[in-house]
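Working notes for the structure below.
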Amino acid sequence: MATVRLEYVAPWWTYWLHNFPHFSFLFQSVDNTFKPEEASYQESLIILACVGAVGLGLSLLVLAAYLVCVCCCRKDMDEDTKRPSSRCVTWAAVVTGLIICSAVGVGFYGNSETNDGVYQLTYSLSSANHTLGGINNLVSGSVGNVETGLKLHLERLDEIFSTKPEYLKALSFMQLMVNNVIRELTALPDMSKADVDLSAIADQTAFVEYYRWLTYLLLLILDLVICLALCLGMAKQSRWLLITVMAFVTLSLILSWASLGAGTATAVGTSDFCVSPDKFIVNQTTDVLSADVAHYYLFCSPNLPNPFQQSLTICQRSLTTMQIQIQGLLQFSVPIFPTAERDLLGIQRLLNSTEFSVHQLTALLDCRGLHKDYVDALMGVCYDGVEGLIYLSLFSLLAACALSVMLCATFRVWTRLGSRDREYDDIDEEDPFNPQARRISYNPRRSNVHSFCSYTSSLGSQSNLNPPPQSASNAVPAPEYMNQSMLFGGSPRYDSVPLIGRGSPDVLSCVCLCFPSQYSPSMRTTYLSMTDAQIRHFGTDFQV
C-alpha cells in the first residue's frame with residue numbers, strides 16, 4: 001500500500017502579505033526574505049508596526065478638528081432646528097455601535113483562528129521534541145550498554161578462555177563488532193541541542209500566545225461594554241455616564257490602533273517565513289544538522305537517500321554477527337568452561353536489547369514522522385495563524401474607525417445635554433410660564449390670578465365682555481389645577497393636570513401646562529407684550 005506524502009504549499013494570502021513594501025528607517029528598500037537577525041529587516045517590520053501609530057495620529061487630528069468646530073461654531077438654534085440634527089447624531093452613534101459589534105464578531109473569529117494555529121504549532125513542536133528526545137535516549141542507551149556491559153563480559157570471557165586460542169579469536173572478532181556498533185551510533189547526529197531548542201521555542205510560544213489571546217479577548221469585551229454603556233447613557237441622558245464612555249472609547253481607540261500595527265507587522269513577518277520556510281530552517285540548523293540531513297527531513301522525498309541508512313545497516317549486521325558468535329560459544333564452550341555460561345547469556349541479553357533499540361531508532365529516524373510534524377506546524381502557522389491575524393487586523397481597523405466616529409457622536413450628545421441644562425438654568429424664576437414657578441409656595445394674594453394661557457384661548461370670545469366685579473365676600477375660588485399644585489407641593493408629577501372649569505384650552509395652554517419641558521422663553525415675550533387695554537380688561541391679576 002503506497003504511503004501518502006504530505007506536502008506544504010503556501011497559501012495565497014501569505015504571498016500577498018509577503019509583497020508588502022519593506023523599508024528601513026532611511027526609507028531604503030529591504031529584501032523581504034525572512035531574516036529576523038538582520039537589523040534592516042527588523043527596521044522594516046518596525047515601520048510596518050508604525051502604521052498603527054500613523055492611524056492613531058490621523059484619528060486624533062480629525063477628532064481635534066471636530067471638537068474645535070463644535071466648540072467654536074455653535075449657534076443658538078430653536079428646538080425645531082435641533083431635532084433633525086439630534087436624530088442624525090443619535091443614528092450615527094447607533095450605526096457605529098452596530099459596526100463595532102460586527103467588528104467584535106470578526107475579532108472573535110480571528111482570535112480563535114490564531115489561537116488554533118499557534119496551538120497546532122506548539123503541539124507539532126512538542127511531538128517533534130518527543131521524537132528527538134526518543135532518538136537521543138535510544139542512542140545514548142545503546143552506546144552505554146555496548147560500552148559498559150558487553151566490554152565487561154568480554155573481559156571476563158577473555159580470562160576464562162585464556163587457554164583456548166580459537167575461543168579468544170572469536171572474542172577478538174566480537175570486540176571488533178562492538179567497536180563498529182559504538183562508532184556508527186556515535187556518528188549519528190546529536191539531537192540533544194535541537195531537542196532543547198524546540199522545547200524552549202514551544203514553551204515561549206505558548207506563553208506569548210496565552211497573553212496575546214487574553215489581551216485581545218479583553219479588548220473585544222471592552223468594545224462590547226462600550227456599546228452597551230453608550231446605549232444606556234443615551235437612554236438615561238446621563239452626562240457622567242457619557243463622559244465615562246468617552247474615556248473608555250479613547251482608551252479602546254488607542255489599543256485598537258496599537259493592535260492593528262502589531263498585527264500587521266506580525267502577519268507580514270510570518271508570511272515572509274511561510275513563503276520560504278525551508279531555506280530559513282536549513283540556515284538555522286547548520287550547527288546541529290548537516291545540509292543533507294536537514295533536506296531529508298524537510299522534503300522527505302523518495303529520491304533523497306536516508307543519511308542514516310548506512311550506519312544503521314552496519315549496526316544491525318554487527319549485532320547479528322555477534323548473536324551468531326554467542327550461539328556457537330554457548331554450544332561448544334559451555335561443556336568445557338561451565339563458568340562462561342553466565343557471561344555468554346549476559347552478552348546475549350544485551351545484544352537482544354540493543355538490537356531492539358536499533359529497530360526503534362530506525363523507525364524514529366525515518367523522515368515521515370518528523371516531516372509530518374513539520375508540515376502540521378507550517379499549516380497551523382501559515383494557514384490558521386496568518387488568516388487569524390488578518391481577521392484581527394480587520395477588526396482593529398473597523399473598530400478604530402467606528403470608535404473615532406462614536407467619540408464624535410458621543411461628545412455631540414454630551415454637549416446637547418449640557419445646552420439643555422443651561423437653557424433651563426437661564427429661565428427667570430419670576431416667569432409665570434416657568435414650570436418651576438408652580439413649585440413656589442402658595443400665596444393667598446395670588447389665588448385669583450388668571451392664567452395667561454386661559455387669556456390666550458378665550459381672548460377672542462371675551463373681548464366684548466367686562467369681568468364681573470370682585471368683592472371680599474364672593475371672591476373667585478382658586479383654580480382647581482392650582483389647588484392641586486399647591487396640595488402636592490408643586491411636584492412635576494402633577495404638571496399635566498388639565499384646566500378644569502376653564503373651557504377648552506388651545507395648543508399653547510396645553511404646552512404650558514401639560515408639557516412644561518417644551519416651554520420656550522418666547523412665551524414670556526408674548527406675555528410681556530400685553531397692551532394697556534388688555535391689562536385694564538384683566539385688572540391687576542397679571543401684576544406679579
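We name chains A, B, ... following the order of the C-alpha cells; residues begin at 1 in each chain, and ligands are numbered from 1 as shown.
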
Segment 250-267 of chain A environment, 7 Å, only C-alpha atoms, sequence neighbours closer than 2 positions dropped, as a PyMOL selection string: chain A and resi 45+48-53+55-56+246-248+269-271+386+389+393+396-397+399-400+403

Selection above as a file: N, CA, C and O atoms, as a PDB file, in the first residue's frame:
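Below is the file result_32.pdb, written as the result:
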ATOM      1  N   LEU A  45      10.020  45.765   9.731  1.00  0.00           N
ATOM      2  CA  LEU A  45       8.856  45.345  10.494  1.00  0.00           C
ATOM      3  C   LEU A  45       8.413  46.426  11.476  1.00  0.00           C
ATOM      4  O   LEU A  45       7.203  46.617  11.712  1.00  0.00           O
ATOM      5  N   LEU A  48       6.363  48.893   9.577  1.00  0.00           N
ATOM      6  CA  LEU A  48       5.014  48.373   9.364  1.00  0.00           C
ATOM      7  C   LEU A  48       4.173  48.483  10.631  1.00  0.00           C
ATOM      8  O   LEU A  48       2.967  48.766  10.566  1.00  0.00           O
ATOM      9  N   ALA A  49       4.812  48.283  11.779  1.00  0.00           N
ATOM     10  CA  ALA A  49       4.073  48.424  13.037  1.00  0.00           C
ATOM     11  C   ALA A  49       3.678  49.872  13.299  1.00  0.00           C
ATOM     12  O   ALA A  49       2.682  50.129  13.994  1.00  0.00           O
ATOM     13  N   CYS A  50       4.440  50.810  12.748  1.00  0.00           N
ATOM     14  CA  CYS A  50       4.121  52.229  12.930  1.00  0.00           C
ATOM     15  C   CYS A  50       2.895  52.663  12.143  1.00  0.00           C
ATOM     16  O   CYS A  50       2.443  53.814  12.288  1.00  0.00           O
ATOM     17  N   VAL A  51       2.350  51.785  11.310  1.00  0.00           N
ATOM     18  CA  VAL A  51       1.102  52.112  10.615  1.00  0.00           C
ATOM     19  C   VAL A  51       0.003  52.404  11.628  1.00  0.00           C
ATOM     20  O   VAL A  51      -0.822  53.316  11.439  1.00  0.00           O
ATOM     21  N   GLY A  52      -0.013  51.648  12.709  1.00  0.00           N
ATOM     22  CA  GLY A  52      -0.991  51.910  13.757  1.00  0.00           C
ATOM     23  C   GLY A  52      -0.799  53.271  14.389  1.00  0.00           C
ATOM     24  O   GLY A  52      -1.776  53.978  14.684  1.00  0.00           O
ATOM     25  N   ALA A  53       0.465  53.670  14.601  1.00  0.00           N
ATOM     26  CA  ALA A  53       0.725  54.991  15.167  1.00  0.00           C
ATOM     27  C   ALA A  53       0.285  56.104  14.226  1.00  0.00           C
ATOM     28  O   ALA A  53      -0.261  57.130  14.651  1.00  0.00           O
ATOM     29  N   GLY A  55      -2.146  55.865  11.979  1.00  0.00           N
ATOM     30  CA  GLY A  55      -3.601  55.898  12.036  1.00  0.00           C
ATOM     31  C   GLY A  55      -4.119  56.568  13.292  1.00  0.00           C
ATOM     32  O   GLY A  55      -5.094  57.336  13.256  1.00  0.00           O
ATOM     33  N   LEU A  56      -3.460  56.305  14.422  1.00  0.00           N
ATOM     34  CA  LEU A  56      -3.862  56.959  15.669  1.00  0.00           C
ATOM     35  C   LEU A  56      -3.665  58.464  15.586  1.00  0.00           C
ATOM     36  O   LEU A  56      -4.523  59.244  16.033  1.00  0.00           O
ATOM     37  N   MET A 246     -16.818  58.127  26.905  1.00  0.00           N
ATOM     38  CA  MET A 246     -15.813  58.783  26.065  1.00  0.00           C
ATOM     39  C   MET A 246     -14.398  58.448  26.528  1.00  0.00           C
ATOM     40  O   MET A 246     -13.496  58.278  25.697  1.00  0.00           O
ATOM     41  N   ALA A 247     -14.191  58.339  27.841  1.00  0.00           N
ATOM     42  CA  ALA A 247     -12.855  57.976  28.338  1.00  0.00           C
ATOM     43  C   ALA A 247     -12.467  56.570  27.890  1.00  0.00           C
ATOM     44  O   ALA A 247     -11.348  56.343  27.395  1.00  0.00           O
ATOM     45  N   PHE A 248     -13.402  55.632  28.006  1.00  0.00           N
ATOM     46  CA  PHE A 248     -13.092  54.263  27.599  1.00  0.00           C
ATOM     47  C   PHE A 248     -13.019  54.120  26.083  1.00  0.00           C
ATOM     48  O   PHE A 248     -12.286  53.271  25.571  1.00  0.00           O
ATOM     49  N   GLY A 269       5.639  39.547   8.806  1.00  0.00           N
ATOM     50  CA  GLY A 269       6.831  38.768   9.144  1.00  0.00           C
ATOM     51  C   GLY A 269       6.594  37.271   9.061  1.00  0.00           C
ATOM     52  O   GLY A 269       7.441  36.519   8.545  1.00  0.00           O
ATOM     53  N   THR A 270       5.446  36.819   9.551  1.00  0.00           N
ATOM     54  CA  THR A 270       5.126  35.395   9.466  1.00  0.00           C
ATOM     55  C   THR A 270       4.959  34.952   8.016  1.00  0.00           C
ATOM     56  O   THR A 270       5.354  33.845   7.634  1.00  0.00           O
ATOM     57  N   SER A 271       4.358  35.811   7.195  1.00  0.00           N
ATOM     58  CA  SER A 271       4.198  35.476   5.771  1.00  0.00           C
ATOM     59  C   SER A 271       5.550  35.393   5.064  1.00  0.00           C
ATOM     60  O   SER A 271       5.734  34.542   4.184  1.00  0.00           O
ATOM     61  N   VAL A 386      -1.902  32.946  10.258  1.00  0.00           N
ATOM     62  CA  VAL A 386      -1.870  34.177   9.465  1.00  0.00           C
ATOM     63  C   VAL A 386      -3.285  34.622   9.093  1.00  0.00           C
ATOM     64  O   VAL A 386      -3.600  35.826   9.094  1.00  0.00           O
ATOM     65  N   LEU A 389      -4.644  36.399  12.018  1.00  0.00           N
ATOM     66  CA  LEU A 389      -4.056  37.730  12.157  1.00  0.00           C
ATOM     67  C   LEU A 389      -4.677  38.716  11.176  1.00  0.00           C
ATOM     68  O   LEU A 389      -4.844  39.910  11.491  1.00  0.00           O
ATOM     69  N   SER A 393      -6.553  42.076  12.298  1.00  0.00           N
ATOM     70  CA  SER A 393      -6.212  43.398  11.764  1.00  0.00           C
ATOM     71  C   SER A 393      -7.441  44.092  11.199  1.00  0.00           C
ATOM     72  O   SER A 393      -7.616  45.310  11.370  1.00  0.00           O
ATOM     73  N   SER A 396      -9.377  45.402  14.120  1.00  0.00           N
ATOM     74  CA  SER A 396      -8.757  46.604  14.678  1.00  0.00           C
ATOM     75  C   SER A 396      -9.038  47.827  13.820  1.00  0.00           C
ATOM     76  O   SER A 396      -9.332  48.916  14.332  1.00  0.00           O
ATOM     77  N   LEU A 397      -8.979  47.666  12.498  1.00  0.00           N
ATOM     78  CA  LEU A 397      -9.230  48.795  11.599  1.00  0.00           C
ATOM     79  C   LEU A 397     -10.683  49.261  11.691  1.00  0.00           C
ATOM     80  O   LEU A 397     -10.955  50.469  11.819  1.00  0.00           O
ATOM     81  N   ALA A 399     -12.844  48.708  14.124  1.00  0.00           N
ATOM     82  CA  ALA A 399     -13.123  49.232  15.462  1.00  0.00           C
ATOM     83  C   ALA A 399     -12.521  50.626  15.649  1.00  0.00           C
ATOM     84  O   ALA A 399     -13.162  51.509  16.236  1.00  0.00           O
ATOM     85  N   ALA A 400     -11.312  50.838  15.155  1.00  0.00           N
ATOM     86  CA  ALA A 400     -10.681  52.148  15.317  1.00  0.00           C
ATOM     87  C   ALA A 400     -11.461  53.238  14.578  1.00  0.00           C
ATOM     88  O   ALA A 400     -11.713  54.320  15.123  1.00  0.00           O
ATOM     89  N   LEU A 403     -14.877  53.691  16.361  1.00  0.00           N
ATOM     90  CA  LEU A 403     -14.700  54.354  17.659  1.00  0.00           C
ATOM     91  C   LEU A 403     -14.427  55.842  17.490  1.00  0.00           C
ATOM     92  O   LEU A 403     -14.852  56.649  18.327  1.00  0.00           O
TER      93      LEU A 403
END

Shell of 12 Å around Phe337 of chain A, only C-alpha atoms, local chain residues under 4 positions omitted, as a list of chain:residue names: A:Leu157, A:Asp158, A:Glu159, A:Ile160, A:Phe161, A:Ser162, A:Thr163, A:Lys164, A:Tyr167, A:Leu329, A:Leu330, A:Gln331, A:Phe332, A:Ser333, A:Glu341, A:Arg342, A:Asp343, A:Leu344

Residues from last step as file, N, CA, C and O atoms, as a compact mmCIF listing (two decimals), in the first residue's frame:
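Result file follows (selection_13.txt):
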# COMPACT_ATOMS: atom_id res chain seq x y z
N LEU A 157 35.27 -13.21 29.81
CA LEU A 157 35.42 -14.37 28.93
C LEU A 157 36.85 -14.49 28.42
O LEU A 157 37.34 -15.62 28.18
N ASP A 158 37.54 -13.40 28.26
CA ASP A 158 38.94 -13.45 27.81
C ASP A 158 39.81 -14.16 28.85
O ASP A 158 40.75 -14.89 28.50
N GLU A 159 39.49 -13.94 30.12
CA GLU A 159 40.24 -14.62 31.17
C GLU A 159 39.88 -16.11 31.22
O GLU A 159 40.73 -16.97 31.46
N ILE A 160 38.58 -16.39 31.02
CA ILE A 160 38.15 -17.80 31.09
C ILE A 160 38.71 -18.60 29.92
O ILE A 160 39.15 -19.74 30.07
N PHE A 161 38.69 -18.02 28.71
CA PHE A 161 39.14 -18.73 27.52
C PHE A 161 40.64 -18.51 27.23
O PHE A 161 41.06 -18.63 26.09
N SER A 162 41.38 -18.18 28.24
CA SER A 162 42.81 -17.88 28.00
C SER A 162 43.59 -19.09 27.49
O SER A 162 44.62 -18.94 26.82
N THR A 163 43.10 -20.29 27.78
CA THR A 163 43.80 -21.49 27.34
C THR A 163 43.31 -22.00 25.98
O THR A 163 43.87 -22.97 25.47
N LYS A 164 42.30 -21.35 25.42
CA LYS A 164 41.74 -21.79 24.14
C LYS A 164 41.91 -20.67 23.12
O LYS A 164 41.12 -19.72 23.09
N TYR A 167 38.83 -19.80 20.91
CA TYR A 167 37.79 -19.03 21.57
C TYR A 167 38.20 -17.56 21.71
O TYR A 167 37.37 -16.65 21.60
N LEU A 329 29.47 -20.17 20.82
CA LEU A 329 30.20 -20.33 22.07
C LEU A 329 29.35 -21.03 23.12
O LEU A 329 29.86 -21.83 23.92
N LEU A 330 28.06 -20.71 23.14
CA LEU A 330 27.18 -21.40 24.09
C LEU A 330 27.10 -22.90 23.79
O LEU A 330 27.00 -23.74 24.70
N GLN A 331 27.17 -23.22 22.54
CA GLN A 331 27.04 -24.62 22.16
C GLN A 331 28.32 -25.42 22.41
O GLN A 331 28.25 -26.57 22.86
N PHE A 332 29.48 -24.81 22.18
CA PHE A 332 30.74 -25.58 22.25
C PHE A 332 31.59 -25.28 23.48
O PHE A 332 32.34 -26.14 23.93
N SER A 333 31.53 -24.10 24.05
CA SER A 333 32.44 -23.75 25.14
C SER A 333 31.85 -24.04 26.52
O SER A 333 32.61 -24.25 27.47
N GLU A 341 29.12 -19.67 31.01
CA GLU A 341 27.71 -19.59 30.58
C GLU A 341 27.04 -18.30 31.06
O GLU A 341 26.26 -17.68 30.32
N ARG A 342 27.34 -17.88 32.28
CA ARG A 342 26.71 -16.67 32.81
C ARG A 342 27.05 -15.46 31.97
O ARG A 342 26.16 -14.66 31.62
N ASP A 343 28.32 -15.27 31.62
CA ASP A 343 28.71 -14.11 30.82
C ASP A 343 28.18 -14.19 29.39
O ASP A 343 27.79 -13.18 28.81
N LEU A 344 28.16 -15.40 28.83
CA LEU A 344 27.62 -15.54 27.48
C LEU A 344 26.13 -15.21 27.42
O LEU A 344 25.66 -14.55 26.48

Using only C-alpha atoms, which protein or nucleic acid residues come within 6 Å of segment 105-120 of chain A? Drop anything in the same chain fewer than 4 positions from it, and give the result as a ChimeraX atom specification. /A:380-381,384-385,388,391-392,395

Contacts of Leu6 of chain A at 9 Å (only C-alpha atoms; same-chain gap of 6+ positions) as an MDAnalysis selection string: chainID A and resid 300 368 371:372 375

Point out the residue among A:Val245, A:Leu185, A:Leu132, A:Leu364 with the least atom-to-atom distance to Ala409 of chain A, counting only C-alpha atoms. A:Val245

With only C-alpha atoms as the atoms that count, which of A:Met191, A:Leu98, A:Phe173, A:Asn179 lies nearest to Thr285 of chain A?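 Of A:Met191, A:Leu98, A:Phe173, A:Asn179, the one nearest Thr285 of chain A, counting only C-alpha atoms, is A:Met191.
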
Identify which of the residues A:Gln28, A:Gln42, A:Ser102, A:Thr321 lies closest to Ala402 of chain A, counting only C-alpha atoms when measuring atom-to-atom distances. A:Ser102

Can you work out the spacing between atom CA of Ala294 of chain A and atom CA of Pro189 of chain A in Å, to one decimal? 11.1 Å

Hey, which of A:Thr415, A:Gln204, A:Thr320, A:Asn137 ends up closest to Leu121 of chain A? Count only C-alpha atoms.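 Among the listed residues, the smallest separation from Leu121 of chain A belongs to A:Gln204.
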
For Leu224 of chain A, work out the shell of residues within 8 Å, counting only C-alpha atoms and skipping chain neighbours fewer than 4 positions away, then give it as an MDAnalysis selection string. chainID A and resid 100:101 104 220 228

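Shortest separation to Gln348 of chain A among A:Gly149, A:Met379, A:Leu417, A:Leu63 occurs at residue A:Gly149, atoms counted being only C-alpha atoms.
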